[in-house]
$ cat start_12.tsv   # TSV, C-alpha atoms and all ligand atoms
chain	number	residue	atom	x	y	z
A	1	MET	CA	20.98	6.21	-11.02
A	2	GLU	CA	23.84	3.73	-10.78
A	3	MET	CA	23.75	1.95	-7.40
A	4	THR	CA	27.20	0.55	-6.68
A	5	GLU	CA	26.16	-1.21	-3.47
A	6	LYS	CA	22.76	-2.46	-2.42
A	7	VAL	CA	21.02	-0.73	0.50
A	8	PRO	CA	20.46	-3.15	3.42
A	9	VAL	CA	16.87	-3.27	4.69
A	10	ALA	CA	14.91	-4.86	7.54
A	11	ILE	CA	11.44	-6.42	7.34
A	12	LEU	CA	9.36	-6.19	10.53
A	13	GLY	CA	6.45	-8.62	10.63
A	14	ALA	CA	8.35	-10.72	8.11
A	15	THR	CA	6.28	-13.86	8.77
A	16	GLY	CA	2.89	-12.28	7.96
A	17	MET	CA	1.07	-11.95	4.62
A	18	VAL	CA	2.58	-8.54	3.91
A	19	GLY	CA	6.00	-9.57	5.28
A	20	GLN	CA	6.09	-12.57	2.94
A	21	LYS	CA	5.25	-10.34	-0.03
A	22	PHE	CA	8.17	-8.08	0.99
A	23	VAL	CA	10.48	-11.10	0.96
A	24	GLU	CA	9.19	-12.20	-2.46
A	25	LEU	CA	9.53	-8.72	-4.00
A	26	LEU	CA	12.91	-7.88	-2.44
A	27	ILE	CA	14.69	-11.00	-3.67
A	28	GLY	CA	16.59	-9.81	-6.71
A	29	HIS	CA	15.71	-6.14	-6.13
A	30	PRO	CA	18.34	-4.03	-7.92
A	31	TRP	CA	18.83	-1.50	-5.08
A	32	LEU	CA	17.74	-3.23	-1.85
A	33	GLU	CA	18.83	-6.34	0.04
A	34	ILE	CA	17.24	-8.04	3.06
A	35	THR	CA	19.51	-8.13	6.12
A	36	PHE	CA	17.08	-8.39	9.05
A	37	LEU	CA	13.85	-10.33	9.54
A	38	GLY	CA	11.80	-9.36	12.60
A	39	ALA	CA	8.63	-10.87	14.05
A	40	SER	CA	7.08	-11.70	17.44
A	41	GLU	CA	8.61	-13.62	20.35
A	42	ARG	CA	6.84	-16.70	18.96
A	43	SER	CA	9.12	-16.68	15.91
A	44	SER	CA	12.32	-15.05	17.14
A	45	GLY	CA	15.47	-17.14	17.48
A	46	LYS	CA	14.20	-19.63	14.86
A	47	ARG	CA	14.95	-20.16	11.17
A	48	TYR	CA	12.58	-18.18	8.97
A	49	GLY	CA	11.85	-21.33	6.97
A	50	ASP	CA	10.74	-23.13	10.15
A	51	VAL	CA	8.31	-20.49	11.38
A	52	VAL	CA	6.83	-18.95	8.25
A	53	ASN	CA	3.70	-20.47	6.72
A	54	TRP	CA	4.78	-19.50	3.20
A	55	GLN	CA	1.75	-18.46	1.13
A	56	MET	CA	3.48	-17.00	-1.93
A	57	SER	CA	3.25	-18.73	-5.30
A	58	THR	CA	7.03	-18.58	-5.81
A	59	PRO	CA	9.31	-20.91	-3.80
A	60	LEU	CA	10.67	-19.63	-0.49
A	61	PRO	CA	14.20	-18.40	-1.32
A	62	ARG	CA	16.79	-20.59	0.41
A	63	GLU	CA	18.98	-17.69	1.54
A	64	VAL	CA	15.99	-16.19	3.37
A	65	ALA	CA	14.73	-19.53	4.75
A	66	ASN	CA	18.06	-19.96	6.56
A	67	LYS	CA	18.02	-16.54	8.23
A	68	ILE	CA	17.26	-16.38	11.94
A	69	VAL	CA	14.19	-14.31	12.82
A	70	LYS	CA	14.85	-11.65	15.47
A	71	GLU	CA	12.70	-9.73	17.89
A	72	CYS	CA	11.62	-6.32	16.59
A	73	GLN	CA	14.25	-4.21	18.32
A	74	PRO	CA	16.39	-1.75	16.37
A	75	SER	CA	19.92	-2.89	15.59
A	76	GLU	CA	22.88	-1.81	13.47
A	77	GLY	CA	23.27	-2.64	9.81
A	78	TYR	CA	20.32	-1.05	7.99
A	79	LYS	CA	18.81	2.43	7.54
A	80	ILE	CA	15.44	1.33	6.14
A	81	ALA	CA	12.88	-0.92	7.83
A	82	PHE	CA	9.68	-2.05	6.11
A	83	SER	CA	6.89	-2.70	8.57
A	84	GLY	CA	4.17	-5.29	8.04
A	85	LEU	CA	3.46	-5.44	11.75
A	86	ASP	CA	0.13	-6.14	13.31
A	87	SER	CA	-1.37	-2.78	14.23
A	88	SER	CA	-1.70	-3.80	17.90
A	89	VAL	CA	2.11	-3.54	18.20
A	90	ALA	CA	3.19	-1.43	15.21
A	91	GLY	CA	2.80	2.00	16.84
A	92	GLU	CA	5.42	1.63	19.57
A	93	ILE	CA	7.85	-0.56	17.63
A	94	GLU	CA	7.88	1.84	14.66
A	95	HIS	CA	8.55	4.81	17.00
A	96	ALA	CA	11.49	2.94	18.54
A	97	PHE	CA	13.02	2.21	15.13
A	98	ALA	CA	12.56	5.82	13.93
A	99	ASN	CA	14.16	7.02	17.17
A	100	ALA	CA	17.14	4.78	16.41
A	101	GLY	CA	17.74	6.73	13.18
A	102	ILE	CA	15.97	4.29	10.84
A	103	ALA	CA	13.50	5.21	8.08
A	104	ILE	CA	10.35	3.19	8.79
A	105	ILE	CA	8.05	2.54	5.86
A	106	SER	CA	4.87	1.23	7.38
A	107	ASN	CA	1.76	-0.56	6.19
A	108	SER	CA	-0.03	-0.28	9.52
A	109	LYS	CA	-2.74	2.22	10.30
A	110	ASN	CA	-1.12	3.63	13.47
A	111	HIS	CA	0.71	6.72	12.18
A	112	ARG	CA	-1.12	7.34	8.88
A	113	MET	CA	-3.19	10.30	9.95
A	114	VAL	CA	-0.51	12.00	12.10
A	115	PRO	CA	-0.09	15.49	10.58
A	116	ASN	CA	3.69	15.31	9.99
A	117	VAL	CA	3.65	11.74	8.61
A	118	PRO	CA	3.39	11.34	4.82
A	119	LEU	CA	0.60	9.02	3.67
A	120	LEU	CA	2.42	8.34	0.46
A	121	ILE	CA	1.59	7.04	-3.01
A	122	PRO	CA	4.58	8.10	-5.12
A	123	GLU	CA	2.44	8.60	-8.26
A	124	VAL	CA	-0.09	10.73	-6.40
A	125	ASN	CA	1.54	12.88	-3.72
A	126	PRO	CA	5.36	12.56	-3.91
A	127	ASP	CA	5.69	16.15	-2.62
A	128	HIS	CA	4.15	15.05	0.73
A	129	LEU	CA	7.48	13.34	1.46
A	130	ASP	CA	8.62	16.80	2.59
A	131	LEU	CA	6.62	16.25	5.80
A	132	ILE	CA	9.44	14.10	7.18
A	133	LYS	CA	11.42	17.33	7.67
A	134	ARG	CA	8.83	18.17	10.35
A	135	GLN	CA	9.55	14.95	12.26
A	136	THR	CA	11.87	15.07	15.25
A	137	TYR	CA	13.29	11.55	15.43
A	138	THR	CA	16.99	11.30	16.26
A	139	ASN	CA	19.70	10.74	13.61
A	140	ASP	CA	17.40	11.34	10.63
A	141	GLY	CA	14.99	8.56	11.52
A	142	CYS	CA	11.52	9.01	10.05
A	143	ILE	CA	8.14	7.37	9.52
A	144	VAL	CA	6.48	7.18	6.11
A	145	THR	CA	3.20	5.31	5.70
A	146	ASN	CA	1.30	3.47	2.98
A	147	PRO	CA	-2.45	3.94	2.74
A	148	ASN	CA	-4.98	1.25	3.56
A	149	CYS	CA	-4.99	-1.39	0.80
A	150	SER	CA	-8.42	-0.44	-0.56
A	151	VAL	CA	-7.56	3.26	-0.51
A	152	VAL	CA	-4.57	2.93	-2.87
A	153	GLY	CA	-6.57	1.95	-5.98
A	154	LEU	CA	-9.29	4.48	-5.21
A	155	ALA	CA	-6.86	7.37	-4.64
A	156	MET	CA	-4.91	6.53	-7.80
A	157	ALA	CA	-8.09	6.47	-9.90
A	158	LEU	CA	-9.26	9.76	-8.38
A	159	LYS	CA	-5.94	11.58	-8.81
A	160	PRO	CA	-6.16	12.35	-12.59
A	161	LEU	CA	-9.80	13.36	-12.07
A	162	SER	CA	-9.03	15.72	-9.19
A	163	ASP	CA	-6.16	17.26	-11.19
A	164	MET	CA	-8.59	18.26	-13.96
A	165	TRP	CA	-12.00	18.68	-12.32
A	166	THR	CA	-13.45	19.23	-8.84
A	167	VAL	CA	-14.32	16.00	-7.06
A	168	LYS	CA	-17.41	16.68	-4.93
A	169	GLN	CA	-18.74	13.33	-3.80
A	170	VAL	CA	-17.41	9.77	-3.93
A	171	ASP	CA	-19.46	6.65	-3.17
A	172	VAL	CA	-17.59	3.36	-3.10
A	173	ALA	CA	-18.49	-0.28	-2.43
A	174	THR	CA	-15.44	-2.53	-2.05
A	175	MET	CA	-15.08	-6.28	-2.69
A	176	GLN	CA	-11.92	-7.05	-0.75
A	177	ALA	CA	-9.72	-10.11	-1.08
A	178	LEU	CA	-9.00	-12.62	1.68
A	179	SER	CA	-5.27	-11.91	1.81
A	180	GLY	CA	-6.19	-8.43	3.06
A	181	ALA	CA	-7.17	-10.03	6.38
A	182	GLY	CA	-3.71	-11.52	6.95
A	183	TYR	CA	-3.10	-15.18	7.84
A	184	PRO	CA	-5.15	-17.24	8.73
A	185	GLY	CA	-7.70	-14.49	8.10
A	186	VAL	CA	-11.39	-15.27	7.66
A	187	PRO	CA	-12.36	-18.92	8.41
A	188	SER	CA	-13.25	-20.88	5.25
A	189	MET	CA	-16.65	-21.85	6.72
A	190	GLU	CA	-17.48	-18.14	6.91
A	191	VAL	CA	-16.36	-17.01	3.48
A	192	ILE	CA	-16.73	-19.84	0.92
A	193	ASP	CA	-20.04	-19.37	-0.95
A	194	ASN	CA	-20.44	-16.08	0.86
A	195	VAL	CA	-19.93	-12.32	1.01
A	196	ILE	CA	-19.32	-10.67	4.38
A	197	PRO	CA	-20.66	-7.11	4.39
A	198	TYR	CA	-18.42	-5.89	7.22
A	199	ILE	CA	-14.68	-5.34	7.74
A	200	SER	CA	-13.78	-3.94	11.13
A	201	ASP	CA	-12.54	-0.31	11.08
A	202	GLU	CA	-12.27	-0.30	7.26
A	203	GLU	CA	-14.97	2.12	6.11
A	204	ASN	CA	-13.60	4.89	8.30
A	205	LYS	CA	-10.17	4.56	6.60
A	206	VAL	CA	-11.64	4.57	3.10
A	207	GLU	CA	-13.68	7.67	3.97
A	208	THR	CA	-10.77	9.68	5.41
A	209	GLU	CA	-7.37	8.65	3.99
A	210	PRO	CA	-8.02	9.77	0.36
A	211	LYS	CA	-8.69	13.32	1.58
A	212	LYS	CA	-5.19	13.51	3.06
A	213	ILE	CA	-3.51	11.78	0.08
A	214	LEU	CA	-5.20	14.07	-2.46
A	215	GLY	CA	-4.72	17.14	-0.24
A	216	ALA	CA	-2.27	19.95	-0.93
A	217	LEU	CA	1.00	20.50	0.93
A	218	ASN	CA	0.82	24.04	2.22
A	219	ASN	CA	3.46	25.57	4.50
A	220	GLY	CA	4.50	22.19	5.88
A	221	SER	CA	1.05	20.74	6.47
A	222	ILE	CA	-1.64	19.09	4.38
A	223	ASP	CA	-4.89	20.85	3.46
A	224	PHE	CA	-7.26	17.91	3.04
A	225	LEU	CA	-9.18	17.75	-0.24
A	226	ALA	CA	-12.74	18.97	0.38
A	227	MET	CA	-14.69	16.01	-0.96
A	228	ASN	CA	-17.19	13.74	0.74
A	229	ILE	CA	-16.74	9.94	0.67
A	230	ARG	CA	-19.26	7.22	1.58
A	231	ALA	CA	-17.93	3.66	1.74
A	232	HIS	CA	-19.32	0.12	2.06
A	233	CYS	CA	-16.61	-2.50	2.62
A	234	ASN	CA	-17.18	-6.20	1.88
A	235	ARG	CA	-14.99	-9.31	2.17
A	236	VAL	CA	-15.33	-11.67	-0.79
A	237	SER	CA	-13.96	-15.08	-1.68
A	238	VAL	CA	-11.02	-13.87	-3.81
A	239	ILE	CA	-7.43	-14.56	-2.77
A	240	ASP	CA	-5.73	-11.33	-3.96
A	241	GLY	CA	-7.03	-8.10	-5.50
A	242	HIS	CA	-9.50	-5.56	-4.18
A	243	THR	CA	-12.28	-4.56	-6.61
A	244	GLU	CA	-14.27	-1.37	-5.97
A	245	CYS	CA	-17.43	0.05	-7.57
A	246	VAL	CA	-17.13	3.83	-7.47
A	247	THR	CA	-19.56	6.66	-8.21
A	248	VAL	CA	-18.06	10.14	-8.41
A	249	GLU	CA	-19.62	13.57	-8.80
A	250	LEU	CA	-17.33	15.89	-10.76
A	251	GLU	CA	-17.74	19.63	-11.24
A	252	GLY	CA	-16.58	20.87	-14.65
A	253	ASN	CA	-18.61	18.72	-17.10
A	254	PRO	CA	-15.96	16.34	-18.40
A	255	THR	CA	-16.78	14.04	-21.31
A	256	LYS	CA	-16.34	10.27	-21.13
A	257	ASP	CA	-13.39	10.44	-23.54
A	258	GLU	CA	-11.68	13.12	-21.45
A	259	ILE	CA	-11.97	11.05	-18.27
A	260	ILE	CA	-10.63	7.92	-19.95
A	261	GLU	CA	-7.77	9.88	-21.50
A	262	SER	CA	-6.91	11.38	-18.09
A	263	TRP	CA	-6.41	7.83	-16.77
A	264	ARG	CA	-4.61	6.44	-19.82
A	265	SER	CA	-2.16	9.31	-20.09
A	266	TYR	CA	-1.40	9.49	-16.37
A	267	LYS	CA	2.30	9.31	-15.53
A	268	SER	CA	4.07	10.75	-12.56
A	269	VAL	CA	7.32	11.08	-10.65
A	270	PRO	CA	8.11	7.32	-10.30
A	271	GLN	CA	7.84	6.89	-14.09
A	272	GLU	CA	9.98	10.01	-14.72
A	273	LEU	CA	12.61	8.85	-12.22
A	274	LEU	CA	12.51	5.28	-13.60
A	275	LEU	CA	12.15	3.85	-10.09
A	276	PRO	CA	12.64	0.07	-10.29
A	277	SER	CA	9.16	-0.82	-8.96
A	278	ALA	CA	7.30	1.84	-10.96
A	279	PRO	CA	4.93	0.33	-13.53
A	280	GLU	CA	5.22	1.81	-17.01
A	281	HIS	CA	1.47	2.48	-16.88
A	282	PRO	CA	0.22	3.33	-13.37
A	283	ILE	CA	-3.41	3.16	-14.57
A	284	VAL	CA	-4.83	0.96	-17.33
A	285	TYR	CA	-8.37	1.59	-18.63
A	286	PHE	CA	-10.26	-1.36	-20.18
A	287	ASP	CA	-12.89	-0.88	-22.90
A	288	GLU	CA	-14.26	-4.43	-22.41
A	289	ASP	CA	-17.64	-4.46	-20.64
A	290	ALA	CA	-16.76	-7.09	-18.04
A	291	TYR	CA	-13.28	-5.89	-17.05
A	292	PRO	CA	-11.35	-5.38	-14.76
A	293	GLN	CA	-11.44	-8.68	-12.85
A	294	PRO	CA	-9.15	-9.68	-9.94
A	295	ARG	CA	-8.02	-13.07	-11.26
A	296	LYS	CA	-7.19	-11.68	-14.71
A	297	HIS	CA	-5.79	-8.23	-13.98
A	298	ARG	CA	-4.34	-8.04	-10.45
A	299	ASN	CA	-0.82	-8.84	-11.66
A	300	LEU	CA	-0.64	-6.17	-14.38
A	301	GLY	CA	2.57	-4.16	-14.11
A	302	ARG	CA	3.90	-6.83	-11.68
A	303	GLY	CA	0.96	-6.02	-9.40
A	304	MET	CA	1.69	-2.27	-9.41
A	305	THR	CA	-0.76	-1.16	-12.12
A	306	VAL	CA	-4.26	-0.08	-11.11
A	307	SER	CA	-6.98	-1.31	-13.51
A	308	VAL	CA	-10.07	0.75	-14.26
A	309	GLY	CA	-13.11	0.01	-16.43
A	310	ARG	CA	-16.85	0.33	-16.96
A	311	LEU	CA	-16.99	4.13	-17.02
A	312	ARG	CA	-20.54	5.28	-17.61
A	313	GLN	CA	-22.62	8.34	-16.76
A	314	CYS	CA	-25.57	8.27	-14.36
A	315	THR	CA	-28.81	10.09	-15.24
A	316	ASP	CA	-27.95	12.75	-12.63
A	317	GLY	CA	-24.57	13.45	-14.30
A	318	ALA	CA	-22.33	11.55	-11.85
A	319	TRP	CA	-19.87	8.95	-13.21
A	320	LYS	CA	-19.63	5.25	-12.30
A	321	PHE	CA	-16.59	3.03	-12.78
A	322	VAL	CA	-14.81	-0.05	-11.41
A	323	VAL	CA	-11.25	-0.03	-10.05
A	324	LEU	CA	-9.04	-3.00	-9.15
A	325	SER	CA	-5.66	-3.13	-7.42
A	326	HIS	CA	-3.47	-5.85	-5.93
A	327	ASN	CA	-3.81	-5.43	-2.18
A	328	THR	CA	-0.56	-7.02	-1.00
A	329	VAL	CA	1.54	-5.58	-3.86
A	330	ARG	CA	0.32	-2.09	-4.83
A	331	GLY	CA	-1.69	-1.88	-1.59
A	332	ALA	CA	1.13	-2.95	0.73
A	333	ALA	CA	4.64	-4.36	0.07
A	334	GLY	CA	5.09	-3.14	-3.52
A	335	GLY	CA	3.83	0.33	-2.63
A	336	ALA	CA	6.16	0.48	0.38
A	337	ILE	CA	9.15	-0.56	-1.75
A	338	LEU	CA	8.27	2.16	-4.27
A	339	ASN	CA	8.19	4.62	-1.33
A	340	ALA	CA	11.69	3.49	-0.31
A	341	GLU	CA	12.95	3.91	-3.87
A	342	LEU	CA	11.60	7.48	-3.87
A	343	LEU	CA	13.28	8.23	-0.51
A	344	ILE	CA	16.60	6.93	-1.84
A	345	LYS	CA	16.33	8.78	-5.14
A	346	LYS	CA	15.42	12.01	-3.32
A	347	GLY	CA	18.46	11.64	-1.05
A	348	CYS	CA	16.41	11.22	2.16
A	349	ILE	CA	18.47	8.16	3.14
B	401	LIG	N1	-2.78	-7.97	4.07
B	401	LIG	C1	-2.91	-6.86	3.35
B	401	LIG	O1	-3.35	-6.87	2.18
B	401	LIG	C2	-2.55	-5.53	3.96
B	401	LIG	C3	-2.54	-4.43	3.14
B	401	LIG	C4	-2.19	-3.18	3.65
B	401	LIG	C5	-1.88	-3.07	4.98
B	401	LIG	N2	-1.91	-4.16	5.79
B	401	LIG	C6	-1.49	-3.98	7.20
B	401	LIG	O2	-0.19	-4.55	7.31
B	401	LIG	C7	-0.01	-5.12	8.62
B	401	LIG	C8	0.32	-6.61	8.47
B	401	LIG	O3	-0.77	-7.27	7.84
B	401	LIG	P1	-0.73	-8.81	7.48
B	401	LIG	O4	-1.93	-9.05	6.67
B	401	LIG	O5	0.60	-9.19	6.97
B	401	LIG	O6	-0.90	-9.46	8.99
B	401	LIG	P2	-0.46	-10.90	9.52
B	401	LIG	O7	-0.40	-11.89	8.42
B	401	LIG	O8	-1.33	-11.17	10.68
B	401	LIG	O9	1.07	-10.65	10.05
B	401	LIG	C9	1.35	-9.93	11.23
B	401	LIG	C10	2.85	-9.88	11.50
B	401	LIG	O10	3.04	-9.15	12.74
B	401	LIG	C11	3.92	-9.93	13.58
B	401	LIG	N3	3.63	-9.67	15.00
B	401	LIG	C12	2.47	-9.91	15.68
B	401	LIG	N4	2.63	-9.57	16.98
B	401	LIG	C13	3.89	-9.11	17.13
B	401	LIG	C14	4.66	-8.63	18.24
B	401	LIG	N5	4.14	-8.55	19.47
B	401	LIG	N6	5.94	-8.23	17.99
B	401	LIG	C15	6.48	-8.32	16.76
B	401	LIG	N7	5.81	-8.79	15.68
B	401	LIG	C16	4.53	-9.17	15.86
B	401	LIG	C17	3.63	-11.37	13.24
B	401	LIG	O11	4.71	-12.20	13.65
B	401	LIG	P3	4.49	-13.72	14.17
B	401	LIG	O12	4.28	-14.56	12.94
B	401	LIG	O13	5.76	-14.03	14.85
B	401	LIG	O14	3.30	-13.72	15.07
B	401	LIG	C18	3.49	-11.26	11.71
B	401	LIG	O15	4.78	-11.26	11.14
B	401	LIG	C19	-1.31	-4.88	9.38
B	401	LIG	O16	-1.16	-3.70	10.15
B	401	LIG	C20	-2.33	-4.69	8.26
B	401	LIG	O17	-3.43	-3.90	8.65
B	401	LIG	C21	-2.23	-5.40	5.32

$ encode --input "start_12.tsv" --output "structure tokens"
Amino acid sequence: MEMTEKVPVAILGATGMVGQKFVELLIGHPWLEITFLGASERSSGKRYGDVVNWQMSTPLPREVANKIVKECQPSEGYKIAFSGLDSSVAGEIEHAFANAGIAIISNSKNHRMVPNVPLLIPEVNPDHLDLIKRQTYTNDGCIVTNPNCSVVGLAMALKPLSDMWTVKQVDVATMQALSGAGYPGVPSMEVIDNVIPYISDEENKVETEPKKILGALNNGSIDFLAMNIRAHCNRVSVIDGHTECVTVELEGNPTKDEIIESWRSYKSVPQELLLPSAPEHPIVYFDEDAYPQPRKHRNLGRGMTVSVGRLRQCTDGAWKFVVLSHNTVRGAAGGAILNAELLIKKGCI
């Protein structure tokens, strides 16, 4: 697709960890251009560069640093708003923007499980985008959501398996990065030299969201995939990249080679449509015994590739593997931008 003019977009929660990643990824984006930065009353009316505590490893772009942060109220000038808002305020603000005719693409938990809201991973369930036709916001406004950051890698690794075999049971233990807790996140005295075996409200999301994502669109609603998931969620002393140890029971007796091939050959709609943020390889499988690792592999495919490794069979026939994905890129801002690219390409905006 030849885009003659860039599509103006807003970032809500622009000062947070996810908001900063949006800024970093949208600078130089071939289709999208930042026109509005929204945050709380604390930041509004001030230069972005004066209020943001910039945590990205690339320099803060000057043209963004000079923009004035606004309160999160809908305004003219953009049809897409990315939300990296704190979930305590995201619900109402996102409704208001959708009601003003804006397509909200949200990273917050608030609307994810609402029946007519797509919980979208463009490689996994692009057809679920049709759910927005069931929404009743004025002037074509809509809400599309991203899954929880530890769900994205898990759902992507399960997708090729559920296409070919029946997934019965999934057990997962996560090792989640610090950036997943936002800024300032977990105090250093709590997490250095430590593992925290609890993340508030996380296990529930990991146990439910994949069933919707991997479910089938049927007459305008989603039939959840009938699999059982048991999750342990842990915070570890890693900056970016969620690692997960997964055990999966599959019906259909696949071989090890067949499972690995299902991951390595997986391509989907974003790759076919050549969406700008789509990685060439959505899933990479490593043969090396000690891979994947967050520090070495989180940035594969510009942070959009999911890394898998260590596939082995248990004595009871179940399969164990490790999956890694970048939580603020694939699990948040990058995934949301890919959603926007799909909406544009499908003519929803
Ligand atoms: N971090 C991740 O890896 C990740 C991944 C997936 C999803 N998420 C979700 O994405 C959302 C943002 O996460 P985060 O880690 O970026 O959090 P964060 O660093 O705490 O940022 C929160 C943002 O919300 C804004 N905000 C807070 N109260 C507000 C209000 N009353 N009105 C308007 N804006 C307000 C803050 O603005 P001020 O700076 O002005 O206070 C800030 O920009 C959360 O819902 C989180 O669960 C995070």

$ atom_distance --input "start_12.tsv" --atom1 "CA of Phe97 in chain A" --atom2 "atom N4 of ligand LIG 401 (chain B)"
15.8 Å

$ residues_around --input "start_12.tsv" --residues "Leu85 in chain A" --least-positions-apart "3" --cutoff "8 Å" --atoms "all atoms listed in the file" --output "NGL selection string"
:A and (12-13 or 16 or 39 or 89-90 or 107-108)

$ residues_near_ligand --input "start_12.tsv" --ligand "ligand LIG 401 (chain B)" --cutoff "6 Å" --atoms "all atoms listed in the file" --output "PyMOL selection string"
chain A and resi 13-19+39-40+42-43+72+84-87+89+107-108+148-149+179-183+327-328+331-332

$ write_last_selection --input "start_12.tsv" --atoms "C-alpha atoms" --output "mmCIF file, keeping the file's coordinate frame"
data_model
loop_
_atom_site.group_PDB
_atom_site.id
_atom_site.type_symbol
_atom_site.label_atom_id
_atom_site.label_comp_id
_atom_site.auth_asym_id
_atom_site.auth_seq_id
_atom_site.Cartn_x
_atom_site.Cartn_y
_atom_site.Cartn_z
ATOM 1 C CA GLY A 13 6.450 -8.620 10.630
ATOM 2 C CA ALA A 14 8.350 -10.720 8.110
ATOM 3 C CA THR A 15 6.280 -13.860 8.770
ATOM 4 C CA GLY A 16 2.890 -12.280 7.960
ATOM 5 C CA MET A 17 1.070 -11.950 4.620
ATOM 6 C CA VAL A 18 2.580 -8.540 3.910
ATOM 7 C CA GLY A 19 6.000 -9.570 5.280
ATOM 8 C CA ALA A 39 8.630 -10.870 14.050
ATOM 9 C CA SER A 40 7.080 -11.700 17.440
ATOM 10 C CA ARG A 42 6.840 -16.700 18.960
ATOM 11 C CA SER A 43 9.120 -16.680 15.910
ATOM 12 C CA CYS A 72 11.620 -6.320 16.590
ATOM 13 C CA GLY A 84 4.170 -5.290 8.040
ATOM 14 C CA LEU A 85 3.460 -5.440 11.750
ATOM 15 C CA ASP A 86 0.130 -6.140 13.310
ATOM 16 C CA SER A 87 -1.370 -2.780 14.230
ATOM 17 C CA VAL A 89 2.110 -3.540 18.200
ATOM 18 C CA ASN A 107 1.760 -0.560 6.190
ATOM 19 C CA SER A 108 -0.030 -0.280 9.520
ATOM 20 C CA ASN A 148 -4.980 1.250 3.560
ATOM 21 C CA CYS A 149 -4.990 -1.390 0.800
ATOM 22 C CA SER A 179 -5.270 -11.910 1.810
ATOM 23 C CA GLY A 180 -6.190 -8.430 3.060
ATOM 24 C CA ALA A 181 -7.170 -10.030 6.380
ATOM 25 C CA GLY A 182 -3.710 -11.520 6.950
ATOM 26 C CA TYR A 183 -3.100 -15.180 7.840
ATOM 27 C CA ASN A 327 -3.810 -5.430 -2.180
ATOM 28 C CA THR A 328 -0.560 -7.020 -1.000
ATOM 29 C CA GLY A 331 -1.690 -1.880 -1.590
ATOM 30 C CA ALA A 332 1.130 -2.950 0.730
#

$ closest_residue --input "start_12.tsv" --among "A:Ser277, A:Thr315, A:Asn53, A:Thr247" --to "Leu342 in chain A" --atoms "only C-alpha atoms"
A:Ser277

$ atom_distance --input "start_12.tsv" --atom1 "CA of Leu60 in chain A" --atom2 "CA of Leu120 in chain A"
29.2 Å

$ atom_distance --input "start_12.tsv" --atom1 "CA of Leu158 in chain A" --atom2 "CA of Ser83 in chain A"
26.5 Å

$ closest_residue --input "start_12.tsv" --among "A:Ile196, A:Ile11, A:Ala278, A:Leu32" --to "Ile105 in chain A" --atoms "all atoms listed in the file"
A:Ile11

$ axis_aligned_box --input "start_12.tsv" --around "range 248-257 of chain A" --padding-each-side "6 Å" --output "JSON"
{"center_x": -16.5, "center_y": 15.5, "center_z": -16.0, "size_x": 18.2, "size_y": 22.7, "size_z": 27.1}

$ residues_around --input "start_12.tsv" --residues "range 209-225 of chain A" --least-positions-apart "3" --cutoff "8 Å" --atoms "all atoms listed in the file" --output "list in words"
Met113, Pro115, Asn116, Leu119, Leu120, Ile121, Val124, Asn125, Asp127, His128, Asp130, Leu131, Arg134, Pro147, Asn148, Val151, Leu154, Ala155, Lys159, Ser162, Lys205 and Val206 of chain A

$ closest_residue --input "start_12.tsv" --among "A:Glu249, A:Asp240, A:Glu71, A:Glu123" --to "Gly45 in chain A" --atoms "all atoms listed in the file"
A:Glu71

$ residues_around --input "start_12.tsv" --residues "Asn139 in chain A" --least-positions-apart "3" --cutoff "9 Å" --atoms "all atoms listed in the file" --output "list in words"
Ala98, Asn99, Ala100, Gly101 and Ile102 of chain A

$ closest_residue --input "start_12.tsv" --among "A:Gln55, A:Thr4, A:Gln20, A:Asn146" --to "Ala340 in chain A" --atoms "all atoms listed in the file"
A:Asn146

$ residues_around --input "start_12.tsv" --residues "Glu190 in chain A" --least-positions-apart "4" --cutoff "12 Å" --atoms "only C-alpha atoms" --output "PyMOL selection string"
chain A and resi 178+185-186+194-197+235-237

$ closest_residue --input "start_12.tsv" --among "A:Val144, A:Val152, A:Leu37, A:Val64" --to "Asn339 in chain A" --atoms "only C-alpha atoms"
A:Val144

$ closest_residue --input "start_12.tsv" --among "A:Pro282, A:Pro187, A:Gly334, A:Gly91" --to "Leu25 in chain A" --atoms "all atoms listed in the file"
A:Gly334
